[in-house]
file data-v3.pdb (PDB, C-alpha atoms)
ATOM      1  CA  MET A 116       0.000   0.000   0.000
ATOM      2  CA  ASP A 117       0.975   3.562  -0.548
ATOM      3  CA  PRO A 118       2.338   5.234   2.613
ATOM      4  CA  HIS A 119       0.250   8.344   1.904
ATOM      5  CA  SER A 120      -2.974   6.343   1.842
ATOM      6  CA  GLU A 121      -2.035   4.589   5.115
ATOM      7  CA  ARG A 122      -1.453   7.977   6.688
ATOM      8  CA  SER A 123      -4.757   9.311   5.448
ATOM      9  CA  ILE A 124      -6.610   6.217   6.765
ATOM     10  CA  LEU A 125      -4.901   6.579  10.142
ATOM     11  CA  PHE A 126      -5.683  10.288  10.210
ATOM     12  CA  TYR A 127      -9.333   9.566   9.357
ATOM     13  CA  CYS A 128      -9.573   6.981  12.176
ATOM     14  CA  ILE A 129      -8.110   9.414  14.680
ATOM     15  CA  ILE A 130     -10.586  12.111  13.642
ATOM     16  CA  CYS A 131     -13.497   9.643  13.927
ATOM     17  CA  GLN A 132     -12.397   8.675  17.439
ATOM     18  CA  PHE A 133     -12.051  12.311  18.418
ATOM     19  CA  ILE A 134     -15.554  13.113  17.135
ATOM     20  CA  PHE A 135     -16.994  10.082  18.950
ATOM     21  CA  VAL A 136     -15.368  11.041  22.254
ATOM     22  CA  GLN A 137     -16.504  14.626  21.804
ATOM     23  CA  SER A 138     -20.113  13.557  21.187
ATOM     24  CA  LEU A 139     -20.010  11.374  24.331
ATOM     25  CA  MET A 140     -18.734  14.330  26.349
ATOM     26  CA  VAL A 141     -21.522  16.566  25.027
ATOM     27  CA  ALA A 142     -24.166  13.939  25.879
ATOM     28  CA  LYS A 143     -22.772  13.525  29.416
ATOM     29  CA  ALA A 144     -22.665  17.309  29.918
ATOM     30  CA  LYS A 145     -26.281  17.576  28.753
ATOM     31  CA  GLU A 146     -27.389  14.899  31.230
ATOM     32  CA  GLU A 147     -25.537  16.605  34.085
ATOM     33  CA  LEU A 148     -27.058  19.966  33.168
ATOM     34  CA  GLU A 149     -30.581  18.520  33.217
ATOM     35  CA  GLN A 150     -29.878  16.843  36.576
ATOM     36  CA  GLU A 151     -28.512  20.118  37.976
ATOM     37  CA  ILE A 152     -31.637  22.005  36.858
ATOM     38  CA  LEU A 153     -33.858  19.435  38.601
ATOM     39  CA  VAL A 154     -31.811  19.647  41.828
ATOM     40  CA  LYS A 155     -31.987  23.449  41.816
ATOM     41  CA  GLU A 156     -35.758  23.350  41.321
ATOM     42  CA  GLU A 157     -36.152  20.912  44.232
ATOM     43  CA  GLU A 158     -33.972  23.114  46.473
ATOM     44  CA  LYS A 159     -36.027  26.145  45.507
ATOM     45  CA  GLN A 160     -39.312  24.395  46.381
ATOM     46  CA  LYS A 161     -37.860  23.193  49.695
ATOM     47  CA  TYR A 162     -36.617  26.676  50.592
ATOM     48  CA  LEU A 163     -39.960  28.290  49.725
ATOM     49  CA  ALA A 164     -41.856  25.697  51.781
ATOM     50  CA  GLU A 165     -39.555  26.361  54.746
ATOM     51  CA  LYS A 166     -39.444  30.181  54.550
ATOM     52  CA  ALA A 167     -42.932  30.938  53.229
ATOM     53  CA  PRO A 168     -45.464  28.329  54.394
ATOM     54  CA  PRO A 169     -48.913  28.577  52.782
ATOM     55  CA  LEU A 170     -51.279  30.869  54.663
ATOM     56  CA  ASN A 171     -54.775  29.834  55.742
ATOM     57  CA  THR A 172     -56.616  33.059  56.502
ATOM     58  CA  SER A 173     -60.201  31.841  56.257
ATOM     59  CA  SER A 174     -60.493  30.712  59.912
ATOM     60  CA  LEU A 175     -58.693  33.706  61.480
ATOM     61  CA  SER A 176     -60.354  36.564  63.324
ATOM     62  CA  LEU A 177     -59.688  40.251  62.670
ATOM     63  CA  ALA A 178     -57.149  40.544  65.539
ATOM     64  CA  GLN A 179     -55.306  37.430  64.362
ATOM     65  CA  LEU A 180     -55.185  38.781  60.789
ATOM     66  CA  GLN A 181     -53.735  42.073  62.065
ATOM     67  CA  ASP A 182     -51.086  40.187  64.065
ATOM     68  CA  LEU A 183     -50.247  38.103  60.981
ATOM     69  CA  CYS A 184     -49.902  41.288  58.880
ATOM     70  CA  ARG A 185     -47.573  42.870  61.472
ATOM     71  CA  GLU A 186     -45.477  39.699  61.591
ATOM     72  CA  LEU A 187     -45.223  39.563  57.780
ATOM     73  CA  HIS A 188     -44.394  43.287  57.693
ATOM     74  CA  GLU A 189     -41.525  42.754  60.179
ATOM     75  CA  LYS A 190     -40.172  39.882  58.044
ATOM     76  CA  VAL A 191     -40.330  42.072  54.938
ATOM     77  CA  ASP A 192     -38.405  44.811  56.782
ATOM     78  CA  VAL A 193     -35.703  42.317  57.813
ATOM     79  CA  VAL A 194     -35.380  41.046  54.244
ATOM     80  CA  ASP A 195     -35.177  44.621  52.880
ATOM     81  CA  GLU A 196     -32.396  45.443  55.366
ATOM     82  CA  GLU A 197     -30.443  42.355  54.284
ATOM     83  CA  ARG A 198     -30.957  43.241  50.615
ATOM     84  CA  TYR A 199     -29.729  46.793  51.240
ATOM     85  CA  ASP A 200     -26.632  45.520  53.071
ATOM     86  CA  ILE A 201     -25.838  43.077  50.283
ATOM     87  CA  GLU A 202     -26.270  45.792  47.637
ATOM     88  CA  ALA A 203     -23.912  48.068  49.577
ATOM     89  CA  LYS A 204     -21.300  45.283  49.726
ATOM     90  CA  VAL A 205     -21.673  44.630  46.009
ATOM     91  CA  MET A 206     -21.251  48.329  45.187
ATOM     92  CA  LEU A 207     -18.145  48.496  47.394
ATOM     93  CA  ASN A 208     -16.674  45.415  45.704
ATOM     94  CA  THR A 209     -17.353  46.715  42.202
ATOM     95  CA  ARG A 210     -15.721  50.046  43.068
ATOM     96  CA  GLU A 211     -12.706  48.182  44.440
ATOM     97  CA  ILE A 212     -12.519  46.031  41.294
ATOM     98  CA  LYS A 213     -12.577  49.146  39.097
ATOM     99  CA  ASP A 214      -9.779  50.711  41.150
ATOM    100  CA  LEU A 215      -7.676  47.558  40.869
ATOM    101  CA  ASN A 216      -8.274  47.426  37.100
ATOM    102  CA  ILE A 217      -7.106  51.033  36.806
ATOM    103  CA  LYS A 218      -3.974  50.207  38.809
ATOM    104  CA  VAL A 219      -3.259  47.223  36.553
ATOM    105  CA  LEU A 220      -3.640  49.389  33.442
ATOM    106  CA  ASP A 221      -1.324  52.008  34.942
ATOM    107  CA  LEU A 222       1.306  49.364  35.641
ATOM    108  CA  ARG A 223       1.025  48.039  32.110
ATOM    109  CA  GLY A 224       1.559  51.525  30.712
ATOM    110  CA  LYS A 225       4.859  52.008  32.538
ATOM    111  CA  PHE A 226       6.616  49.282  30.564
ATOM    112  CA  LYS A 227       8.072  50.400  27.271
ATOM    113  CA  ARG A 228       7.003  48.392  24.257
ATOM    114  CA  PRO A 229       9.692  47.762  21.638
ATOM    115  CA  ASN A 230       9.295  49.215  18.184
ATOM    116  CA  LEU A 231       8.372  46.657  15.572
ATOM    117  CA  ARG A 232      10.561  46.375  12.520
ATOM    118  CA  ARG A 233       9.142  46.189   9.030
ATOM    119  CA  VAL A 234      10.077  42.918   7.356
ATOM    120  CA  ARG A 235      10.077  42.698   3.596
ATOM    121  CA  VAL A 236       8.777  39.356   2.387
ATOM    122  CA  SER A 237       8.238  38.454  -1.230
ATOM    123  CA  ALA A 238       5.027  36.955  -2.526
ATOM    124  CA  ASP A 239       6.836  33.698  -3.258
ATOM    125  CA  ALA A 240       7.991  33.448   0.347
ATOM    126  CA  ILE A 241       4.441  34.061   1.608
ATOM    127  CA  LEU A 242       3.049  31.378  -0.687
ATOM    128  CA  ARG A 243       5.804  28.955   0.355
ATOM    129  CA  SER A 244       5.025  29.523   4.023
ATOM    130  CA  LEU A 245       1.272  29.077   3.459
ATOM    131  CA  LEU A 246       1.362  26.157   1.059
ATOM    132  CA  GLY A 247       4.463  24.415   2.348
ATOM    133  CA  SER A 248       7.757  23.652   0.674
ATOM    134  CA  LYS A 249       6.270  20.967  -1.613
ATOM    135  CA  HIS A 250       4.517  23.459  -3.864
ATOM    136  CA  LYS A 251       6.680  25.267  -6.369
ATOM    137  CA  VAL A 252       4.500  28.253  -7.151
ATOM    138  CA  SER A 253       6.018  31.499  -8.294
ATOM    139  CA  MET A 254       4.042  34.649  -8.500
ATOM    140  CA  ASP A 255       5.356  37.645 -10.369
ATOM    141  CA  LEU A 256       3.216  40.585  -9.303
ATOM    142  CA  ARG A 257       5.117  43.056 -11.467
ATOM    143  CA  ALA A 258       4.135  41.265 -14.685
ATOM    144  CA  ASN A 259       0.506  42.360 -14.211
ATOM    145  CA  LEU A 260       1.347  46.040 -13.754
ATOM    146  CA  LYS A 261       0.685  48.564 -16.508
ATOM    147  CA  SER A 262       3.805  50.031 -18.035
ATOM    148  CA  VAL A 263       4.160  53.812 -18.115
ATOM    149  CA  LYS A 264       6.351  55.623 -20.600
ATOM    150  CA  LYS A 265       8.580  58.325 -19.164
ATOM    151  CA  GLU A 266       8.736  60.229 -22.461
ATOM    152  CA  ASP A 267       5.074  61.253 -22.252
ATOM    153  CA  THR A 268       5.496  62.999 -18.938
ATOM    154  CA  GLU A 269       8.567  64.875 -20.138
ATOM    155  CA  LYS A 270       6.814  66.200 -23.266
ATOM    156  CA  LYS A 271       3.904  67.674 -21.332
ATOM    157  CA  ARG A 272       6.067  69.966 -19.243
ATOM    158  CA  PRO A 273       8.366  72.465 -21.001
ATOM    159  CA  VAL A 274      11.817  72.652 -19.539
ATOM    160  CA  GLU A 275      13.106  76.103 -18.633
ATOM    161  CA  ASP A 276      16.748  76.218 -17.742
ATOM    162  CA  SER A 277      17.003  80.011 -17.761
ATOM    163  CA  ASP A 278      18.326  81.814 -14.758
ATOM    164  CA  TRP A 279      15.695  83.756 -12.821
ATOM    165  CA  ARG A 280      18.114  86.564 -11.983
ATOM    166  CA  LYS A 281      18.339  87.702 -15.615
ATOM    167  CA  ASN A 282      14.671  88.696 -15.716
ATOM    168  CA  VAL A 283      14.466  90.471 -12.337
ATOM    169  CA  GLU A 284      15.385  93.942 -13.679
ATOM    170  CA  ALA A 285      13.300  93.480 -16.812
ATOM    171  CA  MET A 286      10.207  92.529 -14.890
ATOM    172  CA  SER A 287      10.467  95.178 -12.160
ATOM    173  CA  GLY A 288       8.037  98.082 -12.095
ATOM    174  CA  MET A 289       4.848  98.587 -14.107
ATOM    175  CA  GLU A 290       6.435  97.710 -17.432
ATOM    176  CA  GLY A 291       7.385  94.248 -16.164
ATOM    177  CA  ARG A 292       3.871  93.608 -14.960
ATOM    178  CA  LYS A 293       2.488  94.706 -18.305
ATOM    179  CA  LYS A 294       4.876  92.348 -20.104
ATOM    180  CA  MET A 295       3.742  89.467 -17.841
ATOM    181  CA  PHE A 296       0.085  90.355 -18.471
ATOM    182  CA  ASP A 297       0.635  90.510 -22.233
ATOM    183  CA  ALA A 298       2.610  87.258 -22.206
ATOM    184  CA  ALA A 299      -0.187  85.481 -20.355
ATOM    185  CA  LYS A 300      -2.814  86.937 -22.681
ATOM    186  CA  GLY A 301      -0.915  86.223 -25.888
ATOM    187  CA  PRO A 302      -0.836  82.392 -26.100
ATOM    188  CA  ALA A 303      -4.503  82.144 -25.106
ATOM    189  CA  GLN A 304      -5.590  84.145 -28.230
TER
END
call {"tool": "encode", "arguments": {"input": "data-v3.pdb", "output": "C-alpha coordinates"}}
result
Amino acid sequence: MDPHSERSILFYCIICQFIFVQSLMVAKAKEELEQEILVKEEEKQKYLAEKAPPLNTSSLSLAQLQDLCRELHEKVDVVDEERYDIEAKVMLNTREIKDLNIKVLDLRGKFKRPNLRRVRVSADAILRSLLGSKHKVSMDLRANLKSVKKEDTEKKRPVEDSDWRKNVEAMSGMEGRKKMFDAAKGPAQ
(Lines of atoms letter the chains of each structure in order from A and count residues from 1; the text may use other names and numbers.)
(Lines give C-alpha, C1' and ligand atoms only; values in the text may rest on other atoms or scores of the structure.)
Protein backbone atom coordinates (compact mmCIF):
# COMPACT_ATOMS: atom_id res chain seq x y z
CA MET A 1 0.00 0.00 0.00
CA ASP A 2 0.97 3.56 -0.55
CA PRO A 3 2.34 5.23 2.61
CA HIS A 4 0.25 8.34 1.90
CA SER A 5 -2.97 6.34 1.84
CA GLU A 6 -2.04 4.59 5.11
CA ARG A 7 -1.45 7.98 6.69
CA SER A 8 -4.76 9.31 5.45
CA ILE A 9 -6.61 6.22 6.77
CA LEU A 10 -4.90 6.58 10.14
CA PHE A 11 -5.68 10.29 10.21
CA TYR A 12 -9.33 9.57 9.36
CA CYS A 13 -9.57 6.98 12.18
CA ILE A 14 -8.11 9.41 14.68
CA ILE A 15 -10.59 12.11 13.64
CA CYS A 16 -13.50 9.64 13.93
CA GLN A 17 -12.40 8.67 17.44
CA PHE A 18 -12.05 12.31 18.42
CA ILE A 19 -15.55 13.11 17.13
CA PHE A 20 -16.99 10.08 18.95
CA VAL A 21 -15.37 11.04 22.25
CA GLN A 22 -16.50 14.63 21.80
CA SER A 23 -20.11 13.56 21.19
CA LEU A 24 -20.01 11.37 24.33
CA MET A 25 -18.73 14.33 26.35
CA VAL A 26 -21.52 16.57 25.03
CA ALA A 27 -24.17 13.94 25.88
CA LYS A 28 -22.77 13.52 29.42
CA ALA A 29 -22.67 17.31 29.92
CA LYS A 30 -26.28 17.58 28.75
CA GLU A 31 -27.39 14.90 31.23
CA GLU A 32 -25.54 16.61 34.08
CA LEU A 33 -27.06 19.97 33.17
CA GLU A 34 -30.58 18.52 33.22
CA GLN A 35 -29.88 16.84 36.58
CA GLU A 36 -28.51 20.12 37.98
CA ILE A 37 -31.64 22.01 36.86
CA LEU A 38 -33.86 19.44 38.60
CA VAL A 39 -31.81 19.65 41.83
CA LYS A 40 -31.99 23.45 41.82
CA GLU A 41 -35.76 23.35 41.32
CA GLU A 42 -36.15 20.91 44.23
CA GLU A 43 -33.97 23.11 46.47
CA LYS A 44 -36.03 26.15 45.51
CA GLN A 45 -39.31 24.40 46.38
CA LYS A 46 -37.86 23.19 49.70
CA TYR A 47 -36.62 26.68 50.59
CA LEU A 48 -39.96 28.29 49.73
CA ALA A 49 -41.86 25.70 51.78
CA GLU A 50 -39.55 26.36 54.75
CA LYS A 51 -39.44 30.18 54.55
CA ALA A 52 -42.93 30.94 53.23
CA PRO A 53 -45.46 28.33 54.39
CA PRO A 54 -48.91 28.58 52.78
CA LEU A 55 -51.28 30.87 54.66
CA ASN A 56 -54.78 29.83 55.74
CA THR A 57 -56.62 33.06 56.50
CA SER A 58 -60.20 31.84 56.26
CA SER A 59 -60.49 30.71 59.91
CA LEU A 60 -58.69 33.71 61.48
CA SER A 61 -60.35 36.56 63.32
CA LEU A 62 -59.69 40.25 62.67
CA ALA A 63 -57.15 40.54 65.54
CA GLN A 64 -55.31 37.43 64.36
CA LEU A 65 -55.18 38.78 60.79
CA GLN A 66 -53.74 42.07 62.07
CA ASP A 67 -51.09 40.19 64.07
CA LEU A 68 -50.25 38.10 60.98
CA CYS A 69 -49.90 41.29 58.88
CA ARG A 70 -47.57 42.87 61.47
CA GLU A 71 -45.48 39.70 61.59
CA LEU A 72 -45.22 39.56 57.78
CA HIS A 73 -44.39 43.29 57.69
CA GLU A 74 -41.53 42.75 60.18
CA LYS A 75 -40.17 39.88 58.04
CA VAL A 76 -40.33 42.07 54.94
CA ASP A 77 -38.41 44.81 56.78
CA VAL A 78 -35.70 42.32 57.81
CA VAL A 79 -35.38 41.05 54.24
CA ASP A 80 -35.18 44.62 52.88
CA GLU A 81 -32.40 45.44 55.37
CA GLU A 82 -30.44 42.35 54.28
CA ARG A 83 -30.96 43.24 50.61
CA TYR A 84 -29.73 46.79 51.24
CA ASP A 85 -26.63 45.52 53.07
CA ILE A 86 -25.84 43.08 50.28
CA GLU A 87 -26.27 45.79 47.64
CA ALA A 88 -23.91 48.07 49.58
CA LYS A 89 -21.30 45.28 49.73
CA VAL A 90 -21.67 44.63 46.01
CA MET A 91 -21.25 48.33 45.19
CA LEU A 92 -18.14 48.50 47.39
CA ASN A 93 -16.67 45.42 45.70
CA THR A 94 -17.35 46.72 42.20
CA ARG A 95 -15.72 50.05 43.07
CA GLU A 96 -12.71 48.18 44.44
CA ILE A 97 -12.52 46.03 41.29
CA LYS A 98 -12.58 49.15 39.10
CA ASP A 99 -9.78 50.71 41.15
CA LEU A 100 -7.68 47.56 40.87
CA ASN A 101 -8.27 47.43 37.10
CA ILE A 102 -7.11 51.03 36.81
CA LYS A 103 -3.97 50.21 38.81
CA VAL A 104 -3.26 47.22 36.55
CA LEU A 105 -3.64 49.39 33.44
CA ASP A 106 -1.32 52.01 34.94
CA LEU A 107 1.31 49.36 35.64
CA ARG A 108 1.03 48.04 32.11
CA GLY A 109 1.56 51.53 30.71
CA LYS A 110 4.86 52.01 32.54
CA PHE A 111 6.62 49.28 30.56
CA LYS A 112 8.07 50.40 27.27
CA ARG A 113 7.00 48.39 24.26
CA PRO A 114 9.69 47.76 21.64
CA ASN A 115 9.29 49.21 18.18
CA LEU A 116 8.37 46.66 15.57
CA ARG A 117 10.56 46.38 12.52
CA ARG A 118 9.14 46.19 9.03
CA VAL A 119 10.08 42.92 7.36
CA ARG A 120 10.08 42.70 3.60
CA VAL A 121 8.78 39.36 2.39
CA SER A 122 8.24 38.45 -1.23
CA ALA A 123 5.03 36.95 -2.53
CA ASP A 124 6.84 33.70 -3.26
CA ALA A 125 7.99 33.45 0.35
CA ILE A 126 4.44 34.06 1.61
CA LEU A 127 3.05 31.38 -0.69
CA ARG A 128 5.80 28.96 0.35
CA SER A 129 5.02 29.52 4.02
CA LEU A 130 1.27 29.08 3.46
CA LEU A 131 1.36 26.16 1.06
CA GLY A 132 4.46 24.41 2.35
CA SER A 133 7.76 23.65 0.67
CA LYS A 134 6.27 20.97 -1.61
CA HIS A 135 4.52 23.46 -3.86
CA LYS A 136 6.68 25.27 -6.37
CA VAL A 137 4.50 28.25 -7.15
CA SER A 138 6.02 31.50 -8.29
CA MET A 139 4.04 34.65 -8.50
CA ASP A 140 5.36 37.64 -10.37
CA LEU A 141 3.22 40.59 -9.30
CA ARG A 142 5.12 43.06 -11.47
CA ALA A 143 4.13 41.26 -14.69
CA ASN A 144 0.51 42.36 -14.21
CA LEU A 145 1.35 46.04 -13.75
CA LYS A 146 0.68 48.56 -16.51
CA SER A 147 3.80 50.03 -18.03
CA VAL A 148 4.16 53.81 -18.11
CA LYS A 149 6.35 55.62 -20.60
CA LYS A 150 8.58 58.33 -19.16
CA GLU A 151 8.74 60.23 -22.46
CA ASP A 152 5.07 61.25 -22.25
CA THR A 153 5.50 63.00 -18.94
CA GLU A 154 8.57 64.88 -20.14
CA LYS A 155 6.81 66.20 -23.27
CA LYS A 156 3.90 67.67 -21.33
CA ARG A 157 6.07 69.97 -19.24
CA PRO A 158 8.37 72.47 -21.00
CA VAL A 159 11.82 72.65 -19.54
CA GLU A 160 13.11 76.10 -18.63
CA ASP A 161 16.75 76.22 -17.74
CA SER A 162 17.00 80.01 -17.76
CA ASP A 163 18.33 81.81 -14.76
CA TRP A 164 15.69 83.76 -12.82
CA ARG A 165 18.11 86.56 -11.98
CA LYS A 166 18.34 87.70 -15.61
CA ASN A 167 14.67 88.70 -15.72
CA VAL A 168 14.47 90.47 -12.34
CA GLU A 169 15.39 93.94 -13.68
CA ALA A 170 13.30 93.48 -16.81
CA MET A 171 10.21 92.53 -14.89
CA SER A 172 10.47 95.18 -12.16
CA GLY A 173 8.04 98.08 -12.09
CA MET A 174 4.85 98.59 -14.11
CA GLU A 175 6.44 97.71 -17.43
CA GLY A 176 7.38 94.25 -16.16
CA ARG A 177 3.87 93.61 -14.96
CA LYS A 178 2.49 94.71 -18.31
CA LYS A 179 4.88 92.35 -20.10
CA MET A 180 3.74 89.47 -17.84
CA PHE A 181 0.08 90.36 -18.47
CA ASP A 182 0.63 90.51 -22.23
CA ALA A 183 2.61 87.26 -22.21
CA ALA A 184 -0.19 85.48 -20.35
CA LYS A 185 -2.81 86.94 -22.68
CA GLY A 186 -0.91 86.22 -25.89
CA PRO A 187 -0.84 82.39 -26.10
CA ALA A 188 -4.50 82.14 -25.11
CA GLN A 189 -5.59 84.15 -28.23
call {"tool": "residues_around", "arguments": {"input": "data-v3.pdb", "residues": "range 185-188 of chain A", "least_positions_apart": "5", "cutoff": "12 Å", "atoms": "only C-alpha atoms", "output": "list of chain:residue names"}}
result
A:Lys166, A:Ala167, A:Pro168, A:Leu170, A:Ala178, A:Gln179, A:Leu180, A:Val193, A:Val194, A:Asp195
call {"tool": "atom_distance", "arguments": {"input": "data-v3.pdb", "atom1": "CA of Lys145 in chain A", "atom2": "CA of Glu157 in chain A"}}
result
18.7 Å
call {"tool": "atom_distance", "arguments": {"input": "data-v3.pdb", "atom1": "CA of Asp200 in chain A", "atom2": "CA of Gln160 in chain A"}}
result
25.5 Å
